[in-house]
Amino acid sequence: MGGLKIEASLAYKTKEIIKKYDFIFKKRFGQNFLVDERVLDKIIACTELTKNDTIIEVGPGIGTLTRALAASAGKVIAVEIDKTLIPILEETLEGIDNVEIINNDILKTDIKKIAEENNAQKIKIAANLPYYITTPIIMGLLEERLPIDTITVMVQREVAYRMKALPNSKDYGALSLAVQYYSEVYLAANVPQNCFMPRPNVDSALIQLKVFDKPAVDVYDKELFFRIIKAAFSQRRKTLLNCIFNSKEFNFDKAEIAEILAKAGFDEKIRGETLNLKDFALLTEIIGKQL
C-alpha cells in the first residue's frame with residue numbers, strides 16, 4: 001500500500017485520513033491536528049534542522065509535521081501516546097526511511113538513550129502539545145537536564161506569553177522564571193484556532209526554547225531558589241515581604257524578612273514581579289546562609 005501524501009491540502013487530506021480510519025479525536029490526549037501549510041513551514045524554519053540532526057516529535061498525530069521534519073532532519077523519532085494512531089502513522093509515513101515511530105508517553109521515554117543510540121550529542125524536540133499538559137512536559141524536559149538543543153513547540157498563546165514575559169509585566173510569574181532559568185525563549189508566531197482540526201477553544205503560539213548548557217544564573221541552592229520564587233508569586237498583589245511571611249515555605253518573622261531584603265538592597269515594599277533571575281539568585285544566597 002502506498003503511503004498517503006498529506007503535504008497538499010492538509011485540511012482535505014486530514015479529513016480523508018480520519019474518515020478512512022474512523023478516527024475519533026480524544027479529549028484526554030488534547031488532539032488538535034495542524035491543517036495550515038503556512039504554519040507547518042514556520043515550524044520547520046524554527047527547528048533549524050540539518051541532516052546531522054536527530055529530532056523527537058512529541059505527538060505526531062497523523063504524521064503531517066513528521067513528513068516535513070523527515071525531509072530536513074537526519075532522523076525523526078515520532079513519540080505518539082495514542083495507540084490508535086500508530087497504524088495511521090505507519091501508512092502516512094510509509095517509504096520514509098529516517099522515521100522511527102514509538103508508541104509511548106514522552107514523559108516515560110528515555111531521551112538520553114535515544115540520543116546515545118543515534119550518536120547525537122544533543123537532540124531537538126518538536127511538538128504540538130495538549131494544552132492541559134504543556135507545562136509539565138516542558139518543565140519535565142528542562143529540569144531533567146537532558147541532551148536537548150532546542151524545543152520548538154506549539155502551546156496555548158497565553159502560556160507562550162507567560163514563558164517569554166519580563167519583570168513588571170502582567171504575564172510575568174513563576175513560569176517565566178522557571179523556563180528562562182533553563183532556556184532562551186523566542187516567540188516565533190501567533191497561530192489562530194482555524195489552523196487546527198478540530199478547532200481548539202483558544203489561540204496558540206509557536207515558541208522555540210534554546211536550552212542553555214548551564215542555567216542562566218548560578219544559585220546557592222536550586223530547590224530553595226524555586227521555593228522563594230513560588231512564595232514571591234503566591235499572592236501577586238502583596239509585597240515580597242508579606243508573600244514570604246505568609247508562605248508555608250518559610251518561618252521568618254517580618255523583621256527577619258525586612259533584614260534579608262535590606263541585605264539584598266531591596267525596599268520593604270518591593271513586589272516579586274519586579275525581580276529578575278539574578279535578584280532571586282541573590283535572595284537565595286542570603287536566605288540560604290541564614291537557614
# chains A, B, ... in the order shown; residues from 1 in each chain; ligands from 1
>>> residues_around(residues="A:Gly59", least_positions_apart="5", cutoff="12 Å", atoms="only C-alpha atoms", output="ChimeraX atom specification")
/A:29-34,64-66,77-83,85-86,89,101-107,125-130,134,137,153-154
>>> write_last_selection(atoms="C-alpha atoms", output="CSV table (one decimal), in the first residue's frame")
chain,number,residue,atom,x,y,z
A,29,PHE,CA,-4.9,13.5,24.7
A,30,GLY,CA,-5.8,17.1,23.6
A,31,GLN,CA,-5.7,16.1,19.9
A,32,ASN,CA,-5.8,19.1,17.5
A,33,PHE,CA,-4.2,18.3,14.1
A,34,LEU,CA,-2.5,21.1,12.2
A,64,THR,CA,1.7,15.8,8.9
A,65,LEU,CA,4.6,17.5,10.6
A,66,THR,CA,6.6,14.3,10.7
A,77,ILE,CA,11.7,9.8,16.4
A,78,ALA,CA,7.9,10.2,16.5
A,79,VAL,CA,6.6,9.6,20.0
A,80,GLU,CA,2.8,9.0,20.0
A,81,ILE,CA,0.9,8.1,23.1
A,82,ASP,CA,-2.4,7.2,21.3
A,83,LYS,CA,-2.0,3.6,20.0
A,85,LEU,CA,-2.8,6.5,15.6
A,86,ILE,CA,0.1,4.0,15.1
A,89,LEU,CA,1.3,6.8,11.0
A,101,ILE,CA,7.6,5.5,15.5
A,102,ILE,CA,7.4,4.9,19.2
A,103,ASN,CA,4.1,4.3,21.0
A,104,ASN,CA,4.8,5.8,24.4
A,105,ASP,CA,4.3,8.8,26.7
A,106,ILE,CA,7.1,11.3,26.2
A,107,LEU,CA,7.5,11.7,30.0
A,125,ILE,CA,12.3,18.5,20.1
A,126,ALA,CA,9.3,19.5,18.2
A,127,ALA,CA,5.7,19.2,19.4
A,128,ASN,CA,2.1,20.3,19.2
A,129,LEU,CA,1.3,19.8,22.9
A,130,PRO,CA,-2.0,19.1,24.5
A,134,THR,CA,2.0,21.8,28.3
A,137,ILE,CA,6.0,18.3,29.7
A,153,VAL,CA,6.6,23.8,20.4
A,154,MET,CA,3.0,24.9,19.8
>>> residues_around(residues="A:Leu209", least_positions_apart="4", cutoff="6 Å", atoms="only C-alpha atoms", output="VMD selection string")
chain A and resid 150 to 151 183 to 185
>>> select_by_dssp(residues="stretch 28-73 of chain A", states="strand (DSSP E or B)", output="count of residues only")
7
>>> residues_around(residues="stretch 253-263 of chain A", least_positions_apart="3", cutoff="9 Å", atoms="only C-alpha atoms", output="ChimeraX atom specification")
/A:240-242,244-245,266-268,270,283,286-287
>>> atom_distance(atom1="atom CA of A:Asn98", atom2="atom CA of A:Gln121")
18.1 Å
>>> select_by_dssp(residues="stretch 95-282 of chain A", states="helix (DSSP H, G or I)", output="ChimeraX atom specification")
/A:106-108,111-117,131-143,157-164,174-182,193-195,222-232,240-246,254-264,272-274,277-282
>>> decode(residues="stretch 87-132 of chain A", atoms="N, CA and C atoms", output="PDB file, in the first residue's frame")
ATOM      1  N   PRO A  87      -1.190   2.690  13.444  1.00  0.00           N
ATOM      2  CA  PRO A  87      -1.374   2.195  12.068  1.00  0.00           C
ATOM      3  C   PRO A  87      -1.547   3.302  11.044  1.00  0.00           C
ATOM      4  N   ILE A  88      -2.120   4.432  11.450  1.00  0.00           N
ATOM      5  CA  ILE A  88      -2.253   5.574  10.542  1.00  0.00           C
ATOM      6  C   ILE A  88      -0.867   6.121  10.207  1.00  0.00           C
ATOM      7  N   LEU A  89      -0.044   6.275  11.226  1.00  0.00           N
ATOM      8  CA  LEU A  89       1.320   6.769  11.022  1.00  0.00           C
ATOM      9  C   LEU A  89       2.130   5.812  10.147  1.00  0.00           C
ATOM     10  N   GLU A  90       1.938   4.534  10.364  1.00  0.00           N
ATOM     11  CA  GLU A  90       2.678   3.555   9.562  1.00  0.00           C
ATOM     12  C   GLU A  90       2.338   3.678   8.085  1.00  0.00           C
ATOM     13  N   GLU A  91       1.099   4.091   7.777  1.00  0.00           N
ATOM     14  CA  GLU A  91       0.724   4.280   6.371  1.00  0.00           C
ATOM     15  C   GLU A  91       1.185   5.626   5.840  1.00  0.00           C
ATOM     16  N   THR A  92       0.907   6.696   6.572  1.00  0.00           N
ATOM     17  CA  THR A  92       1.251   8.027   6.061  1.00  0.00           C
ATOM     18  C   THR A  92       2.760   8.240   5.972  1.00  0.00           C
ATOM     19  N   LEU A  93       3.515   7.463   6.753  1.00  0.00           N
ATOM     20  CA  LEU A  93       4.973   7.616   6.752  1.00  0.00           C
ATOM     21  C   LEU A  93       5.670   6.475   6.010  1.00  0.00           C
ATOM     22  N   GLU A  94       4.889   5.644   5.330  1.00  0.00           N
ATOM     23  CA  GLU A  94       5.460   4.516   4.610  1.00  0.00           C
ATOM     24  C   GLU A  94       6.441   4.992   3.539  1.00  0.00           C
ATOM     25  N   GLY A  95       7.586   4.330   3.490  1.00  0.00           N
ATOM     26  CA  GLY A  95       8.588   4.663   2.481  1.00  0.00           C
ATOM     27  C   GLY A  95       9.578   5.718   2.934  1.00  0.00           C
ATOM     28  N   ILE A  96       9.348   6.294   4.100  1.00  0.00           N
ATOM     29  CA  ILE A  96      10.291   7.289   4.639  1.00  0.00           C
ATOM     30  C   ILE A  96      11.212   6.556   5.605  1.00  0.00           C
ATOM     31  N   ASP A  97      12.466   6.398   5.231  1.00  0.00           N
ATOM     32  CA  ASP A  97      13.343   5.505   5.984  1.00  0.00           C
ATOM     33  C   ASP A  97      14.065   6.152   7.165  1.00  0.00           C
ATOM     34  N   ASN A  98      13.871   7.445   7.382  1.00  0.00           N
ATOM     35  CA  ASN A  98      14.559   8.080   8.518  1.00  0.00           C
ATOM     36  C   ASN A  98      13.590   8.478   9.632  1.00  0.00           C
ATOM     37  N   VAL A  99      12.461   7.755   9.710  1.00  0.00           N
ATOM     38  CA  VAL A  99      11.489   7.994  10.782  1.00  0.00           C
ATOM     39  C   VAL A  99      11.290   6.715  11.586  1.00  0.00           C
ATOM     40  N   GLU A 100      11.336   6.860  12.910  1.00  0.00           N
ATOM     41  CA  GLU A 100      11.039   5.749  13.818  1.00  0.00           C
ATOM     42  C   GLU A 100       9.831   6.144  14.662  1.00  0.00           C
ATOM     43  N   ILE A 101       8.841   5.260  14.731  1.00  0.00           N
ATOM     44  CA  ILE A 101       7.622   5.530  15.488  1.00  0.00           C
ATOM     45  C   ILE A 101       7.674   4.788  16.819  1.00  0.00           C
ATOM     46  N   ILE A 102       7.430   5.507  17.909  1.00  0.00           N
ATOM     47  CA  ILE A 102       7.402   4.904  19.241  1.00  0.00           C
ATOM     48  C   ILE A 102       6.051   5.195  19.882  1.00  0.00           C
ATOM     49  N   ASN A 103       5.358   4.140  20.302  1.00  0.00           N
ATOM     50  CA  ASN A 103       4.072   4.306  20.994  1.00  0.00           C
ATOM     51  C   ASN A 103       4.339   4.408  22.487  1.00  0.00           C
ATOM     52  N   ASN A 104       4.435   5.656  22.973  1.00  0.00           N
ATOM     53  CA  ASN A 104       4.787   5.848  24.381  1.00  0.00           C
ATOM     54  C   ASN A 104       4.419   7.259  24.826  1.00  0.00           C
ATOM     55  N   ASP A 105       4.423   7.472  26.124  1.00  0.00           N
ATOM     56  CA  ASP A 105       4.266   8.788  26.737  1.00  0.00           C
ATOM     57  C   ASP A 105       5.646   9.447  26.738  1.00  0.00           C
ATOM     58  N   ILE A 106       5.754  10.672  26.274  1.00  0.00           N
ATOM     59  CA  ILE A 106       7.059  11.328  26.195  1.00  0.00           C
ATOM     60  C   ILE A 106       7.725  11.427  27.569  1.00  0.00           C
ATOM     61  N   LEU A 107       6.926  11.565  28.627  1.00  0.00           N
ATOM     62  CA  LEU A 107       7.489  11.676  29.972  1.00  0.00           C
ATOM     63  C   LEU A 107       8.032  10.343  30.480  1.00  0.00           C
ATOM     64  N   LYS A 108       7.721   9.257  29.765  1.00  0.00           N
ATOM     65  CA  LYS A 108       8.239   7.938  30.135  1.00  0.00           C
ATOM     66  C   LYS A 108       9.243   7.430  29.101  1.00  0.00           C
ATOM     67  N   THR A 109       9.627   8.301  28.191  1.00  0.00           N
ATOM     68  CA  THR A 109      10.557   7.934  27.118  1.00  0.00           C
ATOM     69  C   THR A 109      11.986   8.286  27.520  1.00  0.00           C
ATOM     70  N   ASP A 110      12.910   7.370  27.306  1.00  0.00           N
ATOM     71  CA  ASP A 110      14.312   7.572  27.679  1.00  0.00           C
ATOM     72  C   ASP A 110      15.023   8.377  26.585  1.00  0.00           C
ATOM     73  N   ILE A 111      15.029   9.695  26.771  1.00  0.00           N
ATOM     74  CA  ILE A 111      15.604  10.575  25.762  1.00  0.00           C
ATOM     75  C   ILE A 111      17.128  10.438  25.704  1.00  0.00           C
ATOM     76  N   LYS A 112      17.753  10.212  26.836  1.00  0.00           N
ATOM     77  CA  LYS A 112      19.207  10.014  26.844  1.00  0.00           C
ATOM     78  C   LYS A 112      19.580   8.784  26.024  1.00  0.00           C
ATOM     79  N   LYS A 113      18.803   7.736  26.145  1.00  0.00           N
ATOM     80  CA  LYS A 113      19.060   6.515  25.398  1.00  0.00           C
ATOM     81  C   LYS A 113      18.896   6.748  23.900  1.00  0.00           C
ATOM     82  N   ILE A 114      17.852   7.513  23.525  1.00  0.00           N
ATOM     83  CA  ILE A 114      17.626   7.833  22.116  1.00  0.00           C
ATOM     84  C   ILE A 114      18.822   8.587  21.539  1.00  0.00           C
ATOM     85  N   ALA A 115      19.320   9.548  22.301  1.00  0.00           N
ATOM     86  CA  ALA A 115      20.482  10.322  21.849  1.00  0.00           C
ATOM     87  C   ALA A 115      21.701   9.417  21.656  1.00  0.00           C
ATOM     88  N   GLU A 116      21.916   8.526  22.623  1.00  0.00           N
ATOM     89  CA  GLU A 116      23.072   7.620  22.553  1.00  0.00           C
ATOM     90  C   GLU A 116      22.961   6.676  21.356  1.00  0.00           C
ATOM     91  N   GLU A 117      21.753   6.114  21.142  1.00  0.00           N
ATOM     92  CA  GLU A 117      21.557   5.152  20.058  1.00  0.00           C
ATOM     93  C   GLU A 117      21.717   5.788  18.678  1.00  0.00           C
ATOM     94  N   ASN A 118      21.502   7.117  18.618  1.00  0.00           N
ATOM     95  CA  ASN A 118      21.622   7.811  17.337  1.00  0.00           C
ATOM     96  C   ASN A 118      22.908   8.635  17.235  1.00  0.00           C
ATOM     97  N   ASN A 119      23.832   8.357  18.167  1.00  0.00           N
ATOM     98  CA  ASN A 119      25.134   9.045  18.170  1.00  0.00           C
ATOM     99  C   ASN A 119      24.983  10.556  18.110  1.00  0.00           C
ATOM    100  N   ALA A 120      23.995  11.059  18.863  1.00  0.00           N
ATOM    101  CA  ALA A 120      23.726  12.501  18.874  1.00  0.00           C
ATOM    102  C   ALA A 120      24.136  13.090  20.218  1.00  0.00           C
ATOM    103  N   GLN A 121      25.034  14.074  20.177  1.00  0.00           N
ATOM    104  CA  GLN A 121      25.406  14.737  21.424  1.00  0.00           C
ATOM    105  C   GLN A 121      24.197  15.450  22.015  1.00  0.00           C
ATOM    106  N   LYS A 122      23.417  16.067  21.115  1.00  0.00           N
ATOM    107  CA  LYS A 122      22.187  16.730  21.534  1.00  0.00           C
ATOM    108  C   LYS A 122      21.111  16.444  20.497  1.00  0.00           C
ATOM    109  N   ILE A 123      19.873  16.442  20.953  1.00  0.00           N
ATOM    110  CA  ILE A 123      18.762  16.250  20.033  1.00  0.00           C
ATOM    111  C   ILE A 123      17.850  17.470  20.088  1.00  0.00           C
ATOM    112  N   LYS A 124      16.968  17.555  19.110  1.00  0.00           N
ATOM    113  CA  LYS A 124      15.982  18.624  19.087  1.00  0.00           C
ATOM    114  C   LYS A 124      14.602  18.025  19.350  1.00  0.00           C
ATOM    115  N   ILE A 125      13.713  18.874  19.835  1.00  0.00           N
ATOM    116  CA  ILE A 125      12.347  18.458  20.136  1.00  0.00           C
ATOM    117  C   ILE A 125      11.383  19.340  19.356  1.00  0.00           C
ATOM    118  N   ALA A 126      10.350  18.729  18.786  1.00  0.00           N
ATOM    119  CA  ALA A 126       9.263  19.481  18.162  1.00  0.00           C
ATOM    120  C   ALA A 126       7.958  18.897  18.672  1.00  0.00           C
ATOM    121  N   ALA A 127       6.963  19.764  18.896  1.00  0.00           N
ATOM    122  CA  ALA A 127       5.713  19.246  19.446  1.00  0.00           C
ATOM    123  C   ALA A 127       4.556  20.210  19.258  1.00  0.00           C
ATOM    124  N   ASN A 128       3.378  19.615  19.117  1.00  0.00           N
ATOM    125  CA  ASN A 128       2.112  20.344  19.213  1.00  0.00           C
ATOM    126  C   ASN A 128       1.442  19.775  20.448  1.00  0.00           C
ATOM    127  N   LEU A 129       1.691  20.398  21.596  1.00  0.00           N
ATOM    128  CA  LEU A 129       1.349  19.786  22.876  1.00  0.00           C
ATOM    129  C   LEU A 129      -0.109  19.978  23.274  1.00  0.00           C
ATOM    130  N   PRO A 130      -0.693  18.956  23.935  1.00  0.00           N
ATOM    131  CA  PRO A 130      -2.013  19.142  24.538  1.00  0.00           C
ATOM    132  C   PRO A 130      -1.923  20.265  25.582  1.00  0.00           C
ATOM    133  N   TYR A 131      -2.839  21.203  25.530  1.00  0.00           N
ATOM    134  CA  TYR A 131      -2.714  22.381  26.387  1.00  0.00           C
ATOM    135  C   TYR A 131      -2.749  22.063  27.875  1.00  0.00           C
ATOM    136  N   TYR A 132      -3.490  21.013  28.248  1.00  0.00           N
ATOM    137  CA  TYR A 132      -3.624  20.717  29.672  1.00  0.00           C
ATOM    138  C   TYR A 132      -2.335  20.176  30.290  1.00  0.00           C
TER     139      TYR A 132
END
